[in-house]
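Notes to accompany the following structure.
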Amino acid sequence: MTSADTAQPEGPKPSADAEPLEFRAATKRYPGSPAPAVDALSLEVPAGEICVLVGPSGCGKTTAMRMVNRMISITEGDILLGGRSVRDRDEADLRRHIGYVIQQIGLFPHRTIAENIATVPRLLGWSRTRIASRVDELLDLIGLESDIAARYPAQLSGGQRQRVGVARALAVDPPLMLMDEPFGAIDPINRDRLQNEFLRLQAQLRKTIVFVTHDIDEAIKMGDRIAVMREGGHLAQYAPPAELLAHPADDFVRDFVGADRALKRLALQRVRDVPLHQAPLIREDGSAAGAQANTDVPYDLVVDGAGRPVRWGTDGAVHRIDEDDTLRDALSGLLASAVQYGAVVDAAGAVVGVISIDLIHEVVRREQPA
Amino acid sequence: MTFVLAQVPEGFYRDRSESDTGCVANNGVCPDWIVDNLDRYVDPFLEHVWLVVASVACGLLIAFPLAVLAYRRRWLIAPVANITGILYTIPSVAAFFLLLPITGRGALTAIVALTAYTLLILFRNVLEGLDAVPDEARDAGRGMGLTDGQLLWRVELPLALPSIMAGLRIATTTTVGLAALAFFAGAGGLGEPLEADKAFKSNVLVAGGLCVVLATALDLIILGAQRMMTPWTRSRAAS
Ligand SMILES: Nc1ncnc2c1ncn2[C@@H]1O[C@H](COP(=O)(O)OP(=O)(O)OP(=O)(O)O)[C@@H](O)[C@H]1O
Ligand SMILES: [Mg+2]
């Protein structure tokens with residue numbers, strides 16, 4: 001299976017200090033309610049990966065996440081960070097070494113942005129100069145101007161505050177981050193941007209991350225692994241996004257991921273990751289511009305001097321598709337412009353291949369469970 | 001119980017010997033007399049300042065830890081609010097009488113009674129300020145590994161400051177007024193000259209006016225301190 005990975009392109013291994021996390025039959029029973037909020041949850045998150053906890057409201061996602069830094073006590077079972085039980089660690093010290101981001105962000109209104117970001121470094125007794133340079137570094141990392149450092153949270157937009165919340169959680173470069181619906185209160189357009197920024201950041205940082213959301217699309221986009229939870233704090237399935245979509249464990253998961261899961265799977269794969277067709281490439285003067293053999297497209301594709309597509313044959317308009325697009329976007333584009341073939345181009349606009357609805361269908365068919 | 005009343009000679013503040021204009025004799029508002037006699041009010045004024053500052057400071061010293069304690073142990077709220085509420089309803093003159101056998105005549109009696117009056121206001125405002133701290137700030141603070149004490153001093157109390165300072169302003173202004181009765185306890189203050197010659201308008205104007213000036217000045221000082229201590233509340237308006 002070509003399990004393309006939206007969350008993390010192939011790249012460096014987990015950052016040196018990222019640590020694996022393991023839930024071992026972790027259970028939470030709130031006083032006064034007989035049924036557990038989290039019921040014997042067992043799962044392993046490899047170092048440097050994003051594990052998304054997803055499920056309907058009240059299924060225990062937040063409870064499961066907050067047991068990790070012991071904001072909620074563990075009733076039974078255990079949680080191990082880097083192989084060590086969180087129960088054996090000093091509570092405050094444990095929390096200082098785990099990044100913590102919540103939906104309401106929780107910036108301190110009476111502290112400037114710089115002071116907010118410096119919260120944990122100050123608790124750990126870093127020197128003034130070290131804190132100052134770390135704050136600069138983090139503001140740069142999250143793409144905020146350094147003149148924002150002296151402002152108060154009330155003077156920032158929601159999106160900026162959310163970025164600062166992430167920067168604050170990253171301040172001491174913790175091996176683990178806990179994020180509870182971090183983009184939940186942001187409008188859809190900015191949420192998309194923040195998600196992309198965060199994935200880029202994660203590609204660099206490679207933290208171990210527990211990410212809570214109730215939005216399956218966000219889960220598929222952000223997660224290296226997705227834990228689908230159901231009411232009563234049960235784990236329904238724990239799998240990478242592609243596997244979750246291809247093989248839902250039961251009807252609950254099938255319903256939860258939605259009827260459009262075939263399309264969602266297409267969204268997991270990029271055009272450049274599938275074997276593309278090749279068309280005979282012709283220059284505008286009629287000379288061959290590339291291999292003429294082994295082509296599987298019955299039309300000539302005319303390209304300019306830089307290899308950029310100009311037209312099909314003598315007058316056919318070319319539909320261009322970026323090789324970084326997802327298969328879902330490519331399919332949507334082909335359907336929208338009602339063409340059979342699309343020319344796949346690289347960042348410079350040069351042709352790298354040809355894609356068709358049939359080819360996408362073939363990819364789906366090959367991955368379909370027998 | 002007449003012995004407790006201020007023993008001020010009738011007309012002590014009215015020196016008619018040199019007055020000729022008839023203004024003083026007629027109990028009028030006499031600018032000349034005021035200018036000439038202003039220095040007589042200096043001591044009562046300073047006594048008044050001392051009574052107010054000492055009482056509010058003592059009140060804060062008692063109410064603040066009580067409120068912080070009650071903030072963590074909620075069951076304390078009802079008893080503390082009830083007791084300070086009862087203290088608040090005792091008429092101040094009655095409080096002076098009740099205290100005389102214990103603390104005797106003088107500033108101590110007045111300060112004890114005035115302190116008791118500030119408790120309810122200060123307790124309630126400190127507690128309200130702490131209760132108004134946004135849950136998410138508290139949660140984020142705890143989640144980042146602040147201990148209870150760090151959370152209190154670095155997050156909760158700073159965020160409660162506007163409410164605490166508002167309580168201080170009300171308590172101070174109220175105490176300036178109540179301290180005008182402190183002469184009943186033999187503690188002096190601006191109430192003494194005021195009471196000594198209520199018929200003389202110049203006297204009433206100066207003594208009463210100084211009370212107003214004192215209340216306003218203390219209020220502005222506290223307000224200024226609050227502005228300095230809570231810069232983030234200003235930036236919100238500016239943004
Ligand atoms: N402090 C608490 N005391 C008692 N019960 C609680 C407490 N917190 C949560 N619960 C219960 O535990 C269950 C799981 O709650 P939790 O907040 O973990 O759900 P969630 O999956 O995060 O939901 P949401 O998507 O709405 O945030 C719910 O039934 C909730 O009512
Ligand atoms: Mg939740």
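In the structure tokens, chains take letters A, B, ... by order of appearance, with residues numbered from 1 within each chain and ligands from 1 in the order shown.
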Cut-off 9 Å, only C-alpha atoms and all ligand atoms, neighbours of ligand 2 as an mmCIF file with N, CA, C and O atoms, in the first residue's frame:
data_model
loop_
_atom_site.group_PDB
_atom_site.id
_atom_site.type_symbol
_atom_site.label_atom_id
_atom_site.label_comp_id
_atom_site.auth_asym_id
_atom_site.auth_seq_id
_atom_site.Cartn_x
_atom_site.Cartn_y
_atom_site.Cartn_z
ATOM 1 N N SER A 57 -18.491 14.099 20.862
ATOM 2 C CA SER A 57 -18.389 14.865 22.100
ATOM 3 C C SER A 57 -18.678 13.983 23.312
ATOM 4 O O SER A 57 -19.608 13.191 23.301
ATOM 5 N N GLY A 58 -17.844 14.127 24.329
ATOM 6 C CA GLY A 58 -18.069 13.391 25.567
ATOM 7 C C GLY A 58 -17.492 11.988 25.572
ATOM 8 O O GLY A 58 -17.703 11.243 26.526
ATOM 9 N N CYS A 59 -16.745 11.617 24.540
ATOM 10 C CA CYS A 59 -16.236 10.236 24.481
ATOM 11 C C CYS A 59 -14.960 10.074 25.302
ATOM 12 O O CYS A 59 -14.444 8.966 25.425
ATOM 13 N N GLY A 60 -14.446 11.154 25.862
ATOM 14 C CA GLY A 60 -13.302 11.011 26.766
ATOM 15 C C GLY A 60 -11.957 11.423 26.196
ATOM 16 O O GLY A 60 -10.914 11.110 26.772
ATOM 17 N N LYS A 61 -11.954 12.152 25.081
ATOM 18 C CA LYS A 61 -10.688 12.554 24.457
ATOM 19 C C LYS A 61 -9.882 13.465 25.371
ATOM 20 O O LYS A 61 -8.687 13.233 25.609
ATOM 21 N N THR A 62 -10.553 14.509 25.859
ATOM 22 C CA THR A 62 -9.857 15.462 26.720
ATOM 23 C C THR A 62 -9.373 14.767 27.992
ATOM 24 O O THR A 62 -8.240 14.986 28.437
ATOM 25 N N THR A 63 -10.219 13.928 28.546
ATOM 26 C CA THR A 63 -9.834 13.201 29.755
ATOM 27 C C THR A 63 -8.589 12.367 29.504
ATOM 28 O O THR A 63 -7.641 12.390 30.297
ATOM 29 N N MET A 65 -6.287 12.788 27.246
ATOM 30 C CA MET A 65 -5.130 13.647 27.022
ATOM 31 C C MET A 65 -4.613 14.240 28.341
ATOM 32 O O MET A 65 -3.404 14.282 28.583
ATOM 33 N N ASP A 180 -5.316 20.234 22.797
ATOM 34 C CA ASP A 180 -6.743 19.941 22.880
ATOM 35 C C ASP A 180 -7.526 20.900 21.983
ATOM 36 O O ASP A 180 -7.683 22.069 22.321
ATOM 37 N N GLU A 181 -7.982 20.419 20.850
ATOM 38 C CA GLU A 181 -8.700 21.224 19.859
ATOM 39 C C GLU A 181 -8.040 22.586 19.677
ATOM 40 O O GLU A 181 -8.689 23.625 19.806
ATOM 41 N N VAL A 212 -6.034 16.408 20.134
ATOM 42 C CA VAL A 212 -7.453 16.074 20.308
ATOM 43 C C VAL A 212 -8.313 16.904 19.365
ATOM 44 O O VAL A 212 -8.109 18.110 19.226
ATOM 45 N N THR A 213 -9.246 16.248 18.685
ATOM 46 C CA THR A 213 -10.207 16.979 17.856
ATOM 47 C C THR A 213 -11.477 16.144 17.756
ATOM 48 O O THR A 213 -11.461 14.942 18.012
ATOM 49 N N HIS A 214 -12.596 16.798 17.394
ATOM 50 C CA HIS A 214 -13.785 15.995 17.120
ATOM 51 C C HIS A 214 -14.070 15.994 15.614
ATOM 52 O O HIS A 214 -15.071 15.469 15.167
#
Exercise. Could you name the residues that touch stretch 156-167 of chain A at 9 Å or less, counting only C-alpha atoms, but leaving out those on the same chain fewer than 4 positions away, as a PyMOL selection string?
Worked result: (chain A and resi 99-107+113+116-117+135+138-139+141-144+148+151-152+171+179+182-183+185-187+190-191+194+198) or (chain B and resi 239)
Problem set entry | Residues within 7 Å of stretch 169-182 of chain B, only C-alpha atoms, excluding chain neighbours under 4 positions, as a ChimeraX atom specification | /B:48,51-52,56,110,114,118,121,165,186-191,211,215,219,222
Please, could you write that set of residues out with all heavy atoms as a short mmCIF file (atom, residue, chain, number, x, y, z; two decimals), in the first residue's frame?
data_model
loop_
_atom_site.label_atom_id
_atom_site.label_comp_id
_atom_site.auth_asym_id
_atom_site.auth_seq_id
_atom_site.Cartn_x
_atom_site.Cartn_y
_atom_site.Cartn_z
N HIS B 48 -6.66 62.54 61.10
CA HIS B 48 -7.65 61.93 60.21
C HIS B 48 -6.96 61.02 59.18
O HIS B 48 -7.38 59.88 58.96
CB HIS B 48 -8.44 63.03 59.49
CG HIS B 48 -9.84 62.63 59.15
ND1 HIS B 48 -10.93 63.02 59.90
CD2 HIS B 48 -10.34 61.88 58.15
CE1 HIS B 48 -12.03 62.51 59.38
NE2 HIS B 48 -11.71 61.82 58.31
N LEU B 51 -5.80 57.89 60.89
CA LEU B 51 -6.90 56.97 61.19
C LEU B 51 -7.30 56.18 59.94
O LEU B 51 -7.49 54.97 59.98
CB LEU B 51 -8.12 57.75 61.72
CG LEU B 51 -7.98 58.33 63.12
CD1 LEU B 51 -9.20 59.20 63.46
CD2 LEU B 51 -7.84 57.21 64.15
N VAL B 52 -7.42 56.89 58.83
CA VAL B 52 -7.89 56.24 57.59
C VAL B 52 -6.84 55.25 57.08
O VAL B 52 -7.15 54.09 56.81
CB VAL B 52 -8.19 57.30 56.50
CG1 VAL B 52 -8.50 56.62 55.18
CG2 VAL B 52 -9.36 58.18 56.93
N VAL B 56 -7.50 51.21 56.99
CA VAL B 56 -7.61 50.49 55.72
C VAL B 56 -6.46 49.49 55.58
O VAL B 56 -6.65 48.36 55.12
CB VAL B 56 -7.63 51.47 54.52
CG1 VAL B 56 -7.59 50.71 53.20
CG2 VAL B 56 -8.87 52.35 54.59
N ALA B 110 -10.62 53.80 67.85
CA ALA B 110 -11.15 54.23 66.56
C ALA B 110 -10.64 53.33 65.44
O ALA B 110 -11.41 52.91 64.56
CB ALA B 110 -10.75 55.68 66.30
N LEU B 114 -12.90 51.18 62.91
CA LEU B 114 -12.88 51.52 61.48
C LEU B 114 -12.37 50.34 60.65
O LEU B 114 -12.87 50.06 59.55
CB LEU B 114 -12.00 52.75 61.23
CG LEU B 114 -12.55 54.07 61.82
CD1 LEU B 114 -11.56 55.20 61.62
CD2 LEU B 114 -13.90 54.42 61.19
N THR B 118 -14.05 48.06 57.23
CA THR B 118 -13.48 47.85 55.89
C THR B 118 -13.50 46.37 55.49
O THR B 118 -13.41 46.03 54.33
CB THR B 118 -12.00 48.31 55.83
OG1 THR B 118 -11.24 47.49 56.72
CG2 THR B 118 -11.86 49.76 56.22
N ILE B 121 -16.06 44.92 52.72
CA ILE B 121 -15.80 45.41 51.36
C ILE B 121 -14.53 44.77 50.80
O ILE B 121 -14.51 44.25 49.67
CB ILE B 121 -15.64 46.94 51.36
CG1 ILE B 121 -16.94 47.60 51.82
CG2 ILE B 121 -15.21 47.44 49.99
CD1 ILE B 121 -16.79 49.07 52.16
N MET B 165 -8.22 46.68 43.94
CA MET B 165 -8.01 48.13 44.03
C MET B 165 -9.34 48.86 44.09
O MET B 165 -9.48 49.86 44.79
CB MET B 165 -7.19 48.63 42.84
CG MET B 165 -5.79 48.02 42.76
SD MET B 165 -4.81 48.32 44.23
CE MET B 165 -3.83 49.71 43.72
N GLY B 186 -12.37 59.74 71.27
CA GLY B 186 -11.23 60.51 71.73
C GLY B 186 -10.02 60.37 70.83
O GLY B 186 -8.88 60.50 71.26
N ALA B 187 -10.28 60.10 69.55
CA ALA B 187 -9.17 59.88 68.63
C ALA B 187 -8.92 61.09 67.74
O ALA B 187 -8.11 61.03 66.81
CB ALA B 187 -9.44 58.65 67.77
N GLY B 188 -9.59 62.18 67.99
CA GLY B 188 -9.38 63.39 67.19
C GLY B 188 -9.89 63.25 65.78
O GLY B 188 -10.93 62.64 65.54
N GLY B 189 -9.17 63.84 64.85
CA GLY B 189 -9.63 63.83 63.48
C GLY B 189 -10.44 65.07 63.17
O GLY B 189 -10.68 65.91 64.05
N LEU B 190 -10.85 65.22 61.92
CA LEU B 190 -11.53 66.44 61.49
C LEU B 190 -12.93 66.56 62.10
O LEU B 190 -13.52 67.63 62.09
CB LEU B 190 -11.61 66.46 59.96
CG LEU B 190 -10.28 66.77 59.26
CD1 LEU B 190 -10.35 66.42 57.78
CD2 LEU B 190 -9.90 68.23 59.47
N GLY B 191 -13.44 65.46 62.63
CA GLY B 191 -14.75 65.51 63.27
C GLY B 191 -14.73 66.38 64.52
O GLY B 191 -15.76 66.94 64.91
N CYS B 211 -12.21 66.97 54.62
CA CYS B 211 -12.61 65.56 54.49
C CYS B 211 -12.76 65.19 53.02
O CYS B 211 -12.29 64.14 52.56
CB CYS B 211 -13.94 65.31 55.21
SG CYS B 211 -13.77 65.10 56.97
N ALA B 215 -10.54 62.51 50.94
CA ALA B 215 -11.14 61.36 50.27
C ALA B 215 -10.75 61.34 48.80
O ALA B 215 -10.36 60.30 48.25
CB ALA B 215 -12.66 61.38 50.42
N ASP B 219 -8.29 58.62 46.94
CA ASP B 219 -8.89 57.89 45.82
C ASP B 219 -8.01 57.99 44.58
O ASP B 219 -7.74 57.00 43.90
CB ASP B 219 -10.28 58.46 45.54
CG ASP B 219 -11.12 57.51 44.71
OD1 ASP B 219 -11.18 56.32 45.07
OD2 ASP B 219 -11.71 57.96 43.71
N ILE B 222 -4.81 55.90 44.92
CA ILE B 222 -5.02 54.46 44.70
C ILE B 222 -5.27 54.19 43.22
O ILE B 222 -4.76 53.23 42.64
CB ILE B 222 -6.20 53.94 45.55
CG1 ILE B 222 -5.92 54.18 47.03
CG2 ILE B 222 -6.44 52.46 45.28
CD1 ILE B 222 -7.10 53.87 47.93
#
Exercise. Near chain A, which residues of chain B fall within 9 Å when you count only C-alpha atoms, and what do they look like as an MDAnalysis selection string?
Worked result: chainID B and resid 134:147 155 158:159 230:233 235:236 238:239
Problem set entry | Residue contacts of A:Thr27 (7 Å, only C-alpha atoms) excluding same-chain residues fewer than 2 positions away, as a PyMOL selection string | chain A and resi 25+29+36+38-41+74-77
For this session: List the neighbours of B:Arg105 out to 10 Å using only C-alpha atoms; skip same-chain residues closer than 5 positions along the sequence, and give me the result as a list in words.
Result: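 Neighbouring residues, sequence-local ones excluded: Val4, Phe96, Phe97, Leu99, Leu100, Ala110, Phe183, Phe184, Ala185, Gly186 and Ala187 of chain B.
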Selection: 7 Å around stretch 249-258 of chain A, only C-alpha atoms, excl. self and same-chain fewer than 4 positions, as a PDB file with N, CA, C and O atoms, in the first residue's frame:
ATOM      1  N   ILE A 216     -13.159  14.769  12.032  1.00  0.00           N
ATOM      2  CA  ILE A 216     -12.453  13.663  11.388  1.00  0.00           C
ATOM      3  C   ILE A 216     -11.548  14.158  10.255  1.00  0.00           C
ATOM      4  O   ILE A 216     -10.462  13.621  10.030  1.00  0.00           O
ATOM      5  N   ALA A 236     -12.085   2.624  19.607  1.00  0.00           N
ATOM      6  CA  ALA A 236     -12.743   1.841  18.557  1.00  0.00           C
ATOM      7  C   ALA A 236     -11.730   1.343  17.534  1.00  0.00           C
ATOM      8  O   ALA A 236     -11.816   0.223  17.043  1.00  0.00           O
ATOM      9  N   GLN A 237     -10.748   2.187  17.183  1.00  0.00           N
ATOM     10  CA  GLN A 237      -9.714   1.771  16.239  1.00  0.00           C
ATOM     11  C   GLN A 237      -8.527   2.700  16.363  1.00  0.00           C
ATOM     12  O   GLN A 237      -8.670   3.896  16.631  1.00  0.00           O
TER      13      GLN A 237
END
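A straight line drawn from atom CA of B:Ile77 to atom CA of B:Ala94 is 26.6 Å long.
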For this session: If you run DSSP over the backbone, which residues in stretch 247-323 of chain A end up strand (DSSP E)? Put them as a list in words.
Result: Leu281, Ile282, Arg283, Leu301, Val302, Val303, Pro309, Val310, Arg311, Trp312, Arg320, Ile321 and Asp322 of chain A
Exercise. So how many Å separate atom CA of A:Val45 and atom CA of A:Arg84, to one decimal?
Worked result: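 Atom-to-atom, atom CA of A:Val45 and atom CA of A:Arg84 are spaced 13.9 Å apart.
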Exercise. Atom 17 (O, counted along the ligand's line) of ligand 1 and atom CA of A:Ile226, how far apart in Å?
Worked result: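 Between atom CA of A:Ile226 and atom 17 (O, counted along the ligand's line) of ligand 1 the gap is 18.1 Å.
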Problem set entry | Backbone-only DSSP, helix (DSSP H, G or I) members of stretch 81-263 of chain A, as a ChimeraX atom specification | /A:86-88,91-96,113-117,119-123,128-141,146-150,153-155,158-170,188-205,216-222,241-246,251-257,261-263
If we count only C-alpha atoms and set the cut-off at 8 Å, which residues sit around stretch 81-91 of chain B, ignoring sequence neighbours fewer than 4 positions away in its own chain? Please answer as a PDB file with N, CA and C atoms, in the first residue's frame.
ATOM      1  N   ILE B  77     -16.248  30.860  52.997  1.00  0.00           N
ATOM      2  CA  ILE B  77     -16.839  32.099  52.481  1.00  0.00           C
ATOM      3  C   ILE B  77     -18.038  32.535  53.312  1.00  0.00           C
ATOM      4  N   ALA B  95     -20.019  51.061  68.224  1.00  0.00           N
ATOM      5  CA  ALA B  95     -18.789  50.277  68.245  1.00  0.00           C
ATOM      6  C   ALA B  95     -17.753  50.929  69.152  1.00  0.00           C
ATOM      7  N   ALA B 116     -12.813  47.255  61.311  1.00  0.00           N
ATOM      8  CA  ALA B 116     -13.915  46.295  61.215  1.00  0.00           C
ATOM      9  C   ALA B 116     -14.854  46.654  60.066  1.00  0.00           C
ATOM     10  N   TYR B 117     -15.007  47.965  59.843  1.00  0.00           N
ATOM     11  CA  TYR B 117     -15.906  48.378  58.754  1.00  0.00           C
ATOM     12  C   TYR B 117     -15.366  48.057  57.367  1.00  0.00           C
ATOM     13  N   THR B 118     -14.048  48.058  57.231  1.00  0.00           N
ATOM     14  CA  THR B 118     -13.480  47.847  55.889  1.00  0.00           C
ATOM     15  C   THR B 118     -13.501  46.368  55.493  1.00  0.00           C
ATOM     16  N   LEU B 119     -13.618  45.486  56.502  1.00  0.00           N
ATOM     17  CA  LEU B 119     -13.415  44.059  56.230  1.00  0.00           C
ATOM     18  C   LEU B 119     -14.349  43.504  55.167  1.00  0.00           C
ATOM     19  N   LEU B 120     -15.639  43.812  55.295  1.00  0.00           N
ATOM     20  CA  LEU B 120     -16.615  43.226  54.369  1.00  0.00           C
ATOM     21  C   LEU B 120     -16.291  43.607  52.927  1.00  0.00           C
ATOM     22  N   PHE B 123     -12.857  42.034  51.803  1.00  0.00           N
ATOM     23  CA  PHE B 123     -12.972  40.578  51.648  1.00  0.00           C
ATOM     24  C   PHE B 123     -13.718  40.249  50.363  1.00  0.00           C
ATOM     25  N   ARG B 124     -14.850  40.911  50.187  1.00  0.00           N
ATOM     26  CA  ARG B 124     -15.668  40.596  49.012  1.00  0.00           C
ATOM     27  C   ARG B 124     -14.952  40.930  47.717  1.00  0.00           C
TER      28      ARG B 124
END
